[in-house]
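Next up, input-v9.pdb (PDB, C-alpha atoms):
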```
ATOM      1  CA  MET A   1      21.620 -43.800-114.596
ATOM      2  CA  ILE A   2      18.762 -42.836-112.263
ATOM      3  CA  ILE A   3      17.491 -45.497-109.879
ATOM      4  CA  ASP A   4      13.930 -45.218-108.695
ATOM      5  CA  THR A   5      13.987 -45.619-104.906
ATOM      6  CA  THR A   6      10.304 -46.633-104.844
ATOM      7  CA  GLU A   7      10.894 -49.536-107.222
ATOM      8  CA  VAL A   8      13.840 -50.765-105.177
ATOM      9  CA  GLN A   9      11.769 -50.699-101.984
ATOM     10  CA  THR A  10       8.944 -52.541-103.721
ATOM     11  CA  ILE A  11      11.292 -55.286-104.933
ATOM     12  CA  ASN A  12      12.879 -55.643-101.498
ATOM     13  CA  SER A  13       9.494 -55.857 -99.755
ATOM     14  CA  PHE A  14       8.288 -58.468-102.254
ATOM     15  CA  SER A  15      11.351 -60.676-101.802
ATOM     16  CA  THR A  16      11.148 -60.294 -98.027
ATOM     17  CA  SER A  17       7.472 -61.298 -97.929
ATOM     18  CA  GLY A  18       8.192 -64.344-100.111
ATOM     19  CA  PHE A  19      11.045 -65.352 -97.813
ATOM     20  CA  PHE A  20       8.900 -65.108 -94.679
ATOM     21  CA  LYS A  21       6.135 -67.068 -96.394
ATOM     22  CA  GLU A  22       8.498 -69.976 -97.081
ATOM     23  CA  VAL A  23       9.961 -69.795 -93.575
ATOM     24  CA  TYR A  24       6.459 -69.912 -92.087
ATOM     25  CA  GLY A  25       5.697 -73.008 -94.118
ATOM     26  CA  LEU A  26       8.682 -74.731 -92.496
ATOM     27  CA  ILE A  27       8.219 -73.436 -88.944
ATOM     28  CA  TRP A  28       4.611 -74.450 -88.313
ATOM     29  CA  ILE A  29       5.516 -78.159 -88.240
ATOM     30  CA  ILE A  30       8.008 -77.756 -85.351
ATOM     31  CA  PRO A  31       5.362 -78.342 -82.597
ATOM     32  CA  ILE A  32       4.358 -81.628 -84.262
ATOM     33  CA  LEU A  33       7.958 -82.814 -84.448
ATOM     34  CA  THR A  34       8.523 -81.854 -80.824
ATOM     35  CA  LEU A  35       5.472 -83.880 -79.761
ATOM     36  CA  ILE A  36       6.719 -86.953 -81.615
ATOM     37  CA  LEU A  37      10.141 -86.691 -79.989
ATOM     38  CA  GLU A  38       8.584 -86.391 -76.519
ATOM     39  CA  ILE A  39       6.418 -89.464 -77.133
ATOM     40  CA  THR A  40       9.250 -91.669 -78.316
ATOM     41  CA  ILE A  41      11.926 -90.526 -75.873
ATOM     42  CA  GLY A  42       9.581 -91.221 -72.965
ATOM     43  CA  ARG A  43      10.147 -94.696 -71.404
ATOM     44  CA  THR A  44       8.040 -97.568 -72.328
ATOM     45  CA  SER A  45      10.158-100.633 -72.519
ATOM     46  CA  SER A  46      13.713-100.675 -73.838
ATOM     47  CA  PRO A  47      16.538-103.275 -74.036
ATOM     48  CA  SER A  48      18.655-103.306 -70.894
ATOM     49  CA  ARG A  49      22.033-103.246 -72.650
ATOM     50  CA  GLY A  50      21.035-101.263 -75.708
ATOM     51  CA  ASP A  51      21.782 -97.667 -76.581
ATOM     52  CA  ILE A  52      18.706 -95.940 -75.174
ATOM     53  CA  ARG A  53      19.221 -92.714 -77.124
ATOM     54  CA  LEU A  54      19.523 -94.408 -80.506
ATOM     55  CA  PHE A  55      16.745 -96.829 -79.618
ATOM     56  CA  SER A  56      14.369 -93.962 -78.780
ATOM     57  CA  VAL A  57      15.293 -91.523 -81.543
ATOM     58  CA  GLY A  58      15.153 -94.090 -84.366
ATOM     59  CA  PRO A  59      11.327 -94.268 -84.639
ATOM     60  CA  SER A  60      11.135 -90.461 -84.400
ATOM     61  CA  ILE A  61      13.414 -90.021 -87.412
ATOM     62  CA  ALA A  62      11.353 -92.521 -89.407
ATOM     63  CA  VAL A  63       8.131 -90.577 -88.787
ATOM     64  CA  ILE A  64       9.545 -87.044 -88.959
ATOM     65  CA  SER A  65      11.207 -87.657 -92.326
ATOM     66  CA  VAL A  66       7.820 -88.641 -93.760
ATOM     67  CA  LEU A  67       5.908 -85.756 -92.196
ATOM     68  CA  LEU A  68       8.353 -83.220 -93.598
ATOM     69  CA  SER A  69       7.610 -84.525 -97.091
ATOM     70  CA  TYR A  70       4.061 -83.183 -96.877
ATOM     71  CA  LEU A  71       5.446 -79.640 -96.928
ATOM     72  CA  VAL A  72       6.034 -79.662-100.688
ATOM     73  CA  ILE A  73       2.938 -81.602-101.819
ATOM     74  CA  PRO A  74       0.434 -79.342-103.635
ATOM     75  CA  PHE A  75      -3.255 -80.204-103.282
ATOM     76  CA  GLY A  76      -4.192 -77.241-105.484
ATOM     77  CA  TYR A  77      -2.711 -74.199-107.185
ATOM     78  CA  ARG A  78      -2.127 -72.391-103.877
ATOM     79  CA  LEU A  79      -2.666 -75.311-101.532
ATOM     80  CA  VAL A  80       0.951 -76.084-100.692
ATOM     81  CA  LEU A  81       2.694 -75.351 -97.412
ATOM     82  CA  ALA A  82       6.131 -74.580 -98.885
ATOM     83  CA  ASP A  83       6.289 -73.916-102.628
ATOM     84  CA  LEU A  84      10.062 -74.205-102.912
ATOM     85  CA  GLY A  85      12.053 -74.255-106.127
ATOM     86  CA  ILE A  86      13.688 -77.536-105.091
ATOM     87  CA  GLY A  87      10.460 -79.093-103.847
ATOM     88  CA  VAL A  88      10.768 -82.567-105.388
ATOM     89  CA  PHE A  89      14.468 -82.925-104.626
ATOM     90  CA  LEU A  90      13.814 -81.722-101.075
ATOM     91  CA  TRP A  91      11.417 -84.661-100.701
ATOM     92  CA  ILE A  92      14.087 -87.073-101.943
ATOM     93  CA  ALA A  93      16.664 -85.578 -99.586
ATOM     94  CA  ILE A  94      14.268 -85.869 -96.646
ATOM     95  CA  SER A  95      13.255 -89.441 -97.488
ATOM     96  CA  SER A  96      16.928 -90.438 -97.603
ATOM     97  CA  ILE A  97      17.111 -89.667 -93.867
ATOM     98  CA  ALA A  98      14.722 -92.533 -93.021
ATOM     99  CA  PRO A  99      17.347 -95.315 -93.463
ATOM    100  CA  ILE A 100      19.446 -93.578 -90.809
ATOM    101  CA  GLY A 101      16.578 -94.001 -88.350
ATOM    102  CA  LEU A 102      16.260 -97.693 -89.213
ATOM    103  CA  LEU A 103      19.994 -98.234 -88.708
ATOM    104  CA  MET A 104      19.867 -96.400 -85.390
ATOM    105  CA  SER A 105      16.950 -98.569 -84.292
ATOM    106  CA  GLY A 106      18.723-101.785 -85.208
ATOM    107  CA  TYR A 107      22.062-100.783 -83.676
ATOM    108  CA  GLY A 108      20.513 -99.314 -80.542
ATOM    109  CA  SER A 109      18.630-102.555 -79.829
ATOM    110  CA  ASN A 110      21.878-104.416 -79.091
ATOM    111  CA  ASN A 111      20.513-107.393 -80.980
ATOM    112  CA  LYS A 112      22.263-109.023 -83.934
ATOM    113  CA  TYR A 113      18.931-109.839 -85.600
ATOM    114  CA  SER A 114      17.730-106.262 -85.224
ATOM    115  CA  PHE A 115      20.996-104.881 -86.555
ATOM    116  CA  SER A 116      20.919-107.236 -89.557
ATOM    117  CA  GLY A 117      17.333-106.148 -90.228
ATOM    118  CA  GLY A 118      18.332-102.498 -90.045
ATOM    119  CA  LEU A 119      21.146-103.071 -92.537
ATOM    120  CA  ARG A 120      18.759-104.828 -94.910
ATOM    121  CA  ALA A 121      16.175-102.058 -94.676
ATOM    122  CA  ALA A 122      18.804 -99.359 -95.278
ATOM    123  CA  ALA A 123      20.255-101.254 -98.243
ATOM    124  CA  GLN A 124      16.786-101.615 -99.760
ATOM    125  CA  SER A 125      16.001 -97.943 -99.334
ATOM    126  CA  ILE A 126      19.299 -96.792-100.874
ATOM    127  CA  SER A 127      18.991 -99.252-103.790
ATOM    128  CA  TYR A 128      15.673 -97.780-104.919
ATOM    129  CA  GLU A 129      16.328 -94.174-103.950
ATOM    130  CA  ILE A 130      18.765 -93.716-106.836
ATOM    131  CA  PRO A 131      16.439 -94.833-109.679
ATOM    132  CA  LEU A 132      13.663 -92.748-108.139
ATOM    133  CA  THR A 133      15.915 -89.681-108.118
ATOM    134  CA  LEU A 134      16.879 -90.199-111.763
ATOM    135  CA  CYS A 135      13.204 -90.375-112.751
ATOM    136  CA  VAL A 136      12.551 -87.059-111.026
ATOM    137  CA  LEU A 137      15.617 -85.584-112.703
ATOM    138  CA  SER A 138      14.254 -86.635-116.103
ATOM    139  CA  ILE A 139      11.098 -84.623-115.458
ATOM    140  CA  SER A 140      13.024 -81.581-114.235
ATOM    141  CA  LEU A 141      15.345 -81.582-117.235
ATOM    142  CA  ARG A 142      12.657 -82.144-119.823
ATOM    143  CA  LEU A 143      12.273 -79.341-122.351
ATOM    144  CA  GLU A 144       9.079 -78.376-124.107
ATOM    145  CA  ILE A 145       8.505 -76.915-127.527
ATOM    146  CA  GLY A 146       6.359 -73.819-127.190
ATOM    147  CA  ARG A 147       3.599 -72.752-129.558
ATOM    148  CA  ASN A 148       5.957 -70.302-131.256
ATOM    149  CA  ASP A 149       8.385 -73.118-132.106
ATOM    150  CA  GLN A 150      10.735 -71.882-129.427
ATOM    151  CA  VAL A 151      12.411 -74.067-126.895
ATOM    152  CA  VAL A 152      11.246 -73.099-123.446
ATOM    153  CA  LEU A 153      11.585 -74.620-120.051
ATOM    154  CA  PRO A 154       8.325 -75.780-118.479
ATOM    155  CA  TYR A 155       9.515 -74.409-115.147
ATOM    156  CA  ASP A 156      10.709 -71.026-114.055
ATOM    157  CA  SER A 157      14.448 -71.689-114.077
ATOM    158  CA  ASP A 158      17.030 -74.318-114.875
ATOM    159  CA  LEU A 159      16.555 -77.435-112.787
ATOM    160  CA  ASP A 160      13.557 -75.822-111.087
ATOM    161  CA  SER A 161      11.540 -78.620-109.517
ATOM    162  CA  SER A 162       8.711 -76.761-107.829
ATOM    163  CA  THR A 163       5.832 -79.200-107.509
ATOM    164  CA  VAL A 164       3.275 -76.518-108.417
ATOM    165  CA  ASP A 165       5.154 -75.626-111.614
ATOM    166  CA  ILE A 166       5.403 -79.293-112.599
ATOM    167  CA  VAL A 167       1.624 -79.663-112.373
ATOM    168  CA  GLU A 168       1.045 -76.400-114.241
ATOM    169  CA  ALA A 169       3.353 -77.539-117.060
ATOM    170  CA  GLN A 170       1.286 -80.709-117.496
ATOM    171  CA  SER A 171      -2.025 -78.827-117.421
ATOM    172  CA  LYS A 172      -1.097 -76.787-120.524
ATOM    173  CA  TYR A 173      -1.933 -79.743-122.776
ATOM    174  CA  GLY A 174      -4.682 -81.369-120.730
ATOM    175  CA  PHE A 175      -4.880 -85.146-120.446
ATOM    176  CA  TRP A 176      -2.222 -85.810-123.095
ATOM    177  CA  GLY A 177       0.176 -83.443-121.357
ATOM    178  CA  TRP A 178       0.537 -85.706-118.334
ATOM    179  CA  ASN A 179       4.042 -87.041-117.824
ATOM    180  CA  LEU A 180       2.489 -90.509-117.723
ATOM    181  CA  TRP A 181       2.434 -90.382-121.543
ATOM    182  CA  ARG A 182       5.634 -88.390-122.024
ATOM    183  CA  GLN A 183       7.687 -90.431-119.551
ATOM    184  CA  PRO A 184       6.172 -93.962-119.569
ATOM    185  CA  ILE A 185       9.466 -95.686-118.731
ATOM    186  CA  GLY A 186      10.154 -93.241-115.924
ATOM    187  CA  PHE A 187       6.620 -93.766-114.622
ATOM    188  CA  LEU A 188       7.068 -97.545-114.364
ATOM    189  CA  VAL A 189      10.466 -97.209-112.680
ATOM    190  CA  PHE A 190       9.109 -94.568-110.291
ATOM    191  CA  LEU A 191       6.121 -96.795-109.492
ATOM    192  CA  ILE A 192       8.261 -99.823-108.664
ATOM    193  CA  SER A 193      10.797 -97.772-106.707
ATOM    194  CA  SER A 194       8.013 -96.128-104.695
ATOM    195  CA  LEU A 195       6.621 -99.532-103.709
ATOM    196  CA  ALA A 196      10.100-100.594-102.606
ATOM    197  CA  GLU A 197      10.595 -97.350-100.664
ATOM    198  CA  CYS A 198       7.305 -97.931 -98.857
ATOM    199  CA  GLU A 199       8.272-101.548 -98.096
ATOM    200  CA  ARG A 200       5.166-102.924 -99.760
ATOM    201  CA  LEU A 201       4.819-106.351-101.306
ATOM    202  CA  PRO A 202       6.722-107.808-103.012
ATOM    203  CA  PHE A 203       9.316-105.593-101.299
ATOM    204  CA  ASP A 204       8.167-105.878 -97.665
ATOM    205  CA  LEU A 205      11.198-107.779 -96.399
ATOM    206  CA  PRO A 206      11.958-105.376 -93.499
ATOM    207  CA  GLU A 207       8.591-106.084 -91.871
ATOM    208  CA  ALA A 208       8.443-109.815 -92.652
ATOM    209  CA  GLU A 209      11.847-111.335 -91.959
ATOM    210  CA  GLU A 210      11.085-114.632 -90.320
ATOM    211  CA  GLU A 211      14.759-115.637 -90.177
ATOM    212  CA  LEU A 212      15.497-112.320 -88.397
ATOM    213  CA  VAL A 213      12.533-112.622 -86.000
ATOM    214  CA  ALA A 214      11.055-109.185 -86.877
ATOM    215  CA  GLY A 215      14.012-107.288 -88.275
ATOM    216  CA  TYR A 216      14.848-103.916 -86.750
ATOM    217  CA  GLN A 217      11.497-103.930 -84.934
ATOM    218  CA  THR A 218      12.294-106.995 -82.797
ATOM    219  CA  GLU A 219      12.935-105.159 -79.511
ATOM    220  CA  TYR A 220      10.181-102.556 -79.927
ATOM    221  CA  SER A 221       6.747-102.447 -78.360
ATOM    222  CA  GLY A 222       4.062 -99.913 -77.521
ATOM    223  CA  ILE A 223       3.990 -96.520 -79.216
ATOM    224  CA  LYS A 224       7.515 -96.864 -80.599
ATOM    225  CA  TYR A 225       6.548-100.049 -82.422
ATOM    226  CA  ALA A 226       3.391 -98.384 -83.738
ATOM    227  CA  LEU A 227       5.358 -95.410 -85.094
ATOM    228  CA  PHE A 228       7.195 -97.639 -87.556
ATOM    229  CA  TYR A 229       3.914 -98.755 -89.122
ATOM    230  CA  LEU A 230       2.573 -95.216 -88.990
ATOM    231  CA  ALA A 231       5.628 -94.053 -90.929
ATOM    232  CA  SER A 232       5.157 -96.874 -93.440
ATOM    233  CA  TYR A 233       1.551 -95.965 -94.250
ATOM    234  CA  LEU A 234       2.227 -92.230 -94.241
ATOM    235  CA  ASN A 235       5.081 -92.860 -96.663
ATOM    236  CA  LEU A 236       2.721 -94.855 -98.890
ATOM    237  CA  LEU A 237       0.345 -91.900 -99.035
ATOM    238  CA  VAL A 238       3.246 -89.506 -99.734
ATOM    239  CA  SER A 239       4.434 -91.683-102.625
ATOM    240  CA  SER A 240       0.889 -91.842-104.005
ATOM    241  CA  LEU A 241       0.614 -88.062-103.918
ATOM    242  CA  PHE A 242       3.966 -87.608-105.652
ATOM    243  CA  VAL A 243       2.955 -90.059-108.385
ATOM    244  CA  THR A 244      -0.134 -87.888-108.836
ATOM    245  CA  VAL A 245       1.851 -84.654-108.935
ATOM    246  CA  LEU A 246       4.695 -85.847-111.167
ATOM    247  CA  TYR A 247       2.866 -88.076-113.647
ATOM    248  CA  LEU A 248      -0.922 -87.726-113.362
ATOM    249  CA  GLY A 249      -1.364 -83.962-113.636
ATOM    250  CA  GLY A 250      -2.020 -83.250-109.954
ATOM    251  CA  TRP A 251      -5.307 -81.435-109.441
ATOM    252  CA  ASN A 252      -5.799 -80.999-113.182
ATOM    253  CA  PHE A 253      -8.797 -83.027-114.392
ATOM    254  CA  SER A 254      -9.530 -83.660-118.041
ATOM    255  CA  ILE A 255     -10.839 -86.472-120.243
ATOM    256  CA  PRO A 256      -9.810 -86.765-123.920
ATOM    257  CA  TYR A 257     -12.305 -85.109-126.274
ATOM    258  CA  ILE A 258     -14.555 -84.118-123.354
ATOM    259  CA  PRO A 259     -13.880 -80.575-122.042
ATOM    260  CA  ILE A 260     -14.694 -81.303-118.398
ATOM    261  CA  PRO A 261     -13.332 -77.985-116.977
ATOM    262  CA  GLU A 262     -15.294 -75.935-119.522
ATOM    263  CA  LEU A 263     -18.395 -78.112-119.194
ATOM    264  CA  PHE A 264     -18.688 -77.673-115.430
ATOM    265  CA  ARG A 265     -16.891 -74.301-115.329
ATOM    266  CA  ILE A 266     -14.255 -75.645-112.969
ATOM    267  CA  ASN A 267     -11.714 -73.032-114.107
ATOM    268  CA  GLN A 268     -14.101 -70.245-113.071
ATOM    269  CA  MET A 269     -14.716 -71.585-109.591
ATOM    270  CA  ALA A 270     -12.895 -69.780-106.837
ATOM    271  CA  GLY A 271     -12.753 -69.744-103.099
ATOM    272  CA  ILE A 272     -13.391 -72.683-100.808
ATOM    273  CA  PHE A 273     -15.455 -74.640-103.335
ATOM    274  CA  GLY A 274     -12.721 -74.512-105.979
ATOM    275  CA  MET A 275     -10.074 -75.574-103.441
ATOM    276  CA  THR A 276     -12.284 -78.457-102.341
ATOM    277  CA  ILE A 277     -12.547 -79.718-105.919
ATOM    278  CA  ASP A 278      -8.741 -79.518-106.332
ATOM    279  CA  ILE A 279      -8.199 -81.496-103.129
ATOM    280  CA  PHE A 280     -10.793 -84.098-104.145
ATOM    281  CA  ILE A 281      -9.232 -84.625-107.591
ATOM    282  CA  THR A 282      -5.717 -84.913-106.128
ATOM    283  CA  LEU A 283      -6.779 -87.444-103.484
ATOM    284  CA  ALA A 284      -8.830 -89.453-106.002
ATOM    285  CA  LYS A 285      -5.764 -89.911-108.209
ATOM    286  CA  ALA A 286      -3.611 -90.735-105.176
ATOM    287  CA  TYR A 287      -6.041 -93.432-104.051
ATOM    288  CA  LEU A 288      -5.710 -95.012-107.492
ATOM    289  CA  PHE A 289      -2.053 -95.663-106.697
ATOM    290  CA  LEU A 290      -3.036 -96.925-103.233
ATOM    291  CA  PHE A 291      -5.402 -99.401-104.896
ATOM    292  CA  ILE A 292      -2.549-100.636-107.105
ATOM    293  CA  SER A 293      -0.262-101.152-104.110
ATOM    294  CA  ILE A 294      -2.947-103.074-102.202
ATOM    295  CA  THR A 295      -3.711-105.194-105.256
ATOM    296  CA  THR A 296      -0.066-106.171-105.655
ATOM    297  CA  ARG A 297       0.016-107.112-101.971
ATOM    298  CA  TRP A 298      -2.748-109.623-102.615
ATOM    299  CA  THR A 299      -1.195-110.971-105.809
ATOM    300  CA  LEU A 300       2.607-111.103-105.913
ATOM    301  CA  PRO A 301       4.846-113.321-103.766
ATOM    302  CA  ARG A 302       7.581-111.866-101.588
ATOM    303  CA  MET A 303      11.078-111.517-103.045
ATOM    304  CA  ARG A 304      14.337-112.657-101.517
ATOM    305  CA  ILE A 305      16.821-110.021-100.409
ATOM    306  CA  ASP A 306      19.258-110.880-103.225
ATOM    307  CA  GLN A 307      16.476-110.642-105.823
ATOM    308  CA  LEU A 308      15.383-107.332-104.367
ATOM    309  CA  LEU A 309      18.857-105.795-104.569
ATOM    310  CA  ASN A 310      19.493-107.202-108.053
ATOM    311  CA  LEU A 311      16.270-105.633-109.331
ATOM    312  CA  GLY A 312      17.289-102.245-107.981
ATOM    313  CA  TRP A 313      20.946-102.147-109.017
ATOM    314  CA  LYS A 314      21.033-104.318-112.162
ATOM    315  CA  PHE A 315      17.723-103.407-113.786
ATOM    316  CA  LEU A 316      16.018-100.268-112.496
ATOM    317  CA  LEU A 317      19.212 -98.208-112.204
ATOM    318  CA  PRO A 318      20.345 -98.815-115.838
ATOM    319  CA  ILE A 319      16.785 -98.311-117.106
ATOM    320  CA  SER A 320      16.408 -95.007-115.257
ATOM    321  CA  LEU A 321      19.809 -93.845-116.530
ATOM    322  CA  GLY A 322      18.814 -94.788-120.072
ATOM    323  CA  ASN A 323      15.533 -92.914-119.671
ATOM    324  CA  LEU A 324      17.403 -89.821-118.510
ATOM    325  CA  LEU A 325      19.810 -89.969-121.465
ATOM    326  CA  LEU A 326      16.962 -90.625-123.902
ATOM    327  CA  THR A 327      14.985 -87.674-122.582
ATOM    328  CA  THR A 328      17.956 -85.332-122.780
ATOM    329  CA  SER A 329      19.094 -86.451-126.247
ATOM    330  CA  SER A 330      15.592 -86.276-127.732
ATOM    331  CA  GLN A 331      15.216 -82.669-126.605
ATOM    332  CA  LEU A 332      18.680 -81.745-127.860
ATOM    333  CA  VAL A 333      17.818 -83.191-131.282
ATOM    334  CA  SER A 334      14.653 -81.086-131.351
ATOM    335  CA  LEU A 335      16.807 -77.968-131.040
TER     336      LEU A 335
END
```

Have the structure of the file written as structure tokens, please.
Amino acid sequence: MIIDTTEVQTINSFSTSGFFKEVYGLIWIIPILTLILEITIGRTSSPSRGDIRLFSVGPSIAVISVLLSYLVIPFGYRLVLADLGIGVFLWIAISSIAPIGLLMSGYGSNNKYSFSGGLRAAAQSISYEIPLTLCVLSISLRLEIGRNDQVVLPYDSDLDSSTVDIVEAQSKYGFWGWNLWRQPIGFLVFLISSLAECERLPFDLPEAEEELVAGYQTEYSGIKYALFYLASYLNLLVSSLFVTVLYLGGWNFSIPYIPIPELFRINQMAGIFGMTIDIFITLAKAYLFLFISITTRWTLPRMRIDQLLNLGWKFLLPISLGNLLLTTSSQLVSL
């Protein structure tokens, strides 16, 4: 067998360029993370008998874990910093680091109220992280029936969860191809779990614990105190963008029976103008979720901690498991 040396070199150069592209997408954020660490480690005020290192690093972890999530969010077909094959699950893995920062903040404060608040916040985050992960897994495992009556994966490989590929799979069928219609149960569970992850009403116990003074934030002031709220609102925007990417078709815009892309020739637009339209559509859908979260804050009463944990473990977890089994079995039957 004769091996063409030119083809081998071409393949090696292509894989190398793709590797460096992904590495660059991860490296550029290092200066931002370094700046955040310098701000929080610098003295403002701190408890006299607390663990200064844990007390200072806790807010940094809360913010950094959210900022890293923006790496895998696509605002357009090529508008993503790191188009990784495990993009969605990388976000879940990164967001699971945030409870560690809250625990460190509560323990480092040397305050029983702060520590109790940190335990509550970590328990809340873990309780809703599992149903959220199962909803994402349902989307990644979902099979599609191609036009040739062949079973094909909507993504490039098994368990491939690239955020760009997920949006492209939904855009094949326009408005009715959104996972909002194909995974309605998963959408509702993901929506509720995202609100709980962001500590929004009726799940905002960590920031409104009157019996615990102010929870894990009791001993904080200045920039360190502000970083907790910055992380909360950045996390809300991240969750809104992932709802858009996973269930609302991302930058794809279509209305039933009205060919909007063909009417305005959106598919033929290229360059800066086309990217601007993709970003605008993505943000418009994300702000729809933000409106829902603000509306619930004005409407629903706050839950107790036992009610909050029961909802996560006794209701959302079984429902998300059932949705995963239903999705898998329905596609196996279609084989």

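When all atoms listed in the file are used to measure the gap to Gly186 in chain A, the shortest distance among A:Leu300, A:Leu316, A:Thr218, A:Val167 belongs to A:Leu316.
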
Exercise. Please write the residues picked by the PyMOL selection byres ((chain A and resi 65) around 7) on this file as a ChimeraX atom specification.
Key: /A:61-64,66-69,94-95,97-98

Self-check item: From A:Tyr128, A:Phe253, A:Trp178, A:Phe273, residue lying nearest Ile192 in chain A [all atoms listed in the file]
Solution: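 Residue with the minimum atom-to-atom distance to Ile192 in chain A: A:Tyr128.
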
Quiz prompt | Result set, the PyMOL selection byres ((chain A and resi 127) around 12) on current file, as a VMD selection string | solution = chain A and resid 96 99 120 to 126 128 to 133 192 to 194 196 to 197 203 305 to 317

Exercise. Could you list the residues chosen by the PyMOL selection byres ((chain A and resi 135) around 9) in this structure as a list in words?
Key: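 Output from the PyMOL selection byres ((chain A and resi 135) around 9), applied to this file: Ile130, Pro131, Leu132, Thr133, Leu134, Val136, Leu137, Ser138, Ile139, Ser140, Gln183, Ile185, Gly186, Phe187, Val189, Phe190, Ser320, Leu321, Asn323 and Leu324 of chain A.
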
Practice problem: Figure out the distance between CA of Phe228 in chain A and CA of Val88 in chain A, please, to one decimal in Å. | Solution: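 Straight-line distance from CA of Val88 in chain A to CA of Phe228 in chain A works out to 23.6 Å.
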
Practice problem: List every protein, DNA or RNA residue that has an atom no more than 10 Å from (15.8, -92.9, -82.1) in the file's coordinate frame, counting all atoms listed in the file, and report them as a ChimeraX atom specification. | Solution: /A:37,40-41,51-62,100-106,108,224

Self-check item: Point (-3.1, -101.4, -105.0), cut-off 12 Å, counting only C-alpha atoms, residues as an NGL selection string
Solution: :A and (191 or 195 or 200-202 or 236-237 or 240 or 286-300)

Using the selection just defined, write its residues with C-alpha atoms as a PDB file, keeping the file's coordinate frame.
```
ATOM      1  CA  LEU A 191       6.121 -96.795-109.492  1.00  0.00           C
ATOM      2  CA  LEU A 195       6.621 -99.532-103.709  1.00  0.00           C
ATOM      3  CA  ARG A 200       5.166-102.924 -99.760  1.00  0.00           C
ATOM      4  CA  LEU A 201       4.819-106.351-101.306  1.00  0.00           C
ATOM      5  CA  PRO A 202       6.722-107.808-103.012  1.00  0.00           C
ATOM      6  CA  LEU A 236       2.721 -94.855 -98.890  1.00  0.00           C
ATOM      7  CA  LEU A 237       0.345 -91.900 -99.035  1.00  0.00           C
ATOM      8  CA  SER A 240       0.889 -91.842-104.005  1.00  0.00           C
ATOM      9  CA  ALA A 286      -3.611 -90.735-105.176  1.00  0.00           C
ATOM     10  CA  TYR A 287      -6.041 -93.432-104.051  1.00  0.00           C
ATOM     11  CA  LEU A 288      -5.710 -95.012-107.492  1.00  0.00           C
ATOM     12  CA  PHE A 289      -2.053 -95.663-106.697  1.00  0.00           C
ATOM     13  CA  LEU A 290      -3.036 -96.925-103.233  1.00  0.00           C
ATOM     14  CA  PHE A 291      -5.402 -99.401-104.896  1.00  0.00           C
ATOM     15  CA  ILE A 292      -2.549-100.636-107.105  1.00  0.00           C
ATOM     16  CA  SER A 293      -0.262-101.152-104.110  1.00  0.00           C
ATOM     17  CA  ILE A 294      -2.947-103.074-102.202  1.00  0.00           C
ATOM     18  CA  THR A 295      -3.711-105.194-105.256  1.00  0.00           C
ATOM     19  CA  THR A 296      -0.066-106.171-105.655  1.00  0.00           C
ATOM     20  CA  ARG A 297       0.016-107.112-101.971  1.00  0.00           C
ATOM     21  CA  TRP A 298      -2.748-109.623-102.615  1.00  0.00           C
ATOM     22  CA  THR A 299      -1.195-110.971-105.809  1.00  0.00           C
ATOM     23  CA  LEU A 300       2.607-111.103-105.913  1.00  0.00           C
TER      24      LEU A 300
END
```

Quiz item: When distances are computed from all atoms listed in the file, which of A:Tyr216, A:Phe115, A:Phe280, A:Trp91 shows the smallest separation from Gly250 in chain A?
Solution: A:Phe280

Self-check item: Exercise: Ser171 in chain A partners within 10 Å, only C-alpha atoms, chain neighbours under 2 positions left out, as a VMD selection string
Solution: chain A and resid 165 to 169 173 to 178 248 to 254

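If you look at CA of Phe75 in chain A and CA of Ile279 in chain A, they are 5.1 Å away from each other.
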
Quiz item: From the set A:Ile277, A:Val333, A:Cys198, A:Leu241, which residue has the shortest atom-to-atom contact distance to Val72 in chain A, counting only C-alpha atoms?
Solution: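 Smallest distance to Val72 in chain A is found for A:Leu241.
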
Exercise. For CA of Ile281 in chain A and CA of Val243 in chain A, quote the distance in Å rounded to one decimal.
Key: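 Separation of CA of Ile281 in chain A and CA of Val243 in chain A: 13.4 Å.
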
Once you add 3 Å to each side, what are the centre and edge lengths of the axis-aligned box holding all listed atoms of range 268-287 of chain A? One decimal in Å, as AutoDock Vina command-line options, if you can.
```
--center_x -9.5 --center_y -81.6 --center_z -106.9 --size_x 17.8 --size_y 29.7 --size_z 18.3
```
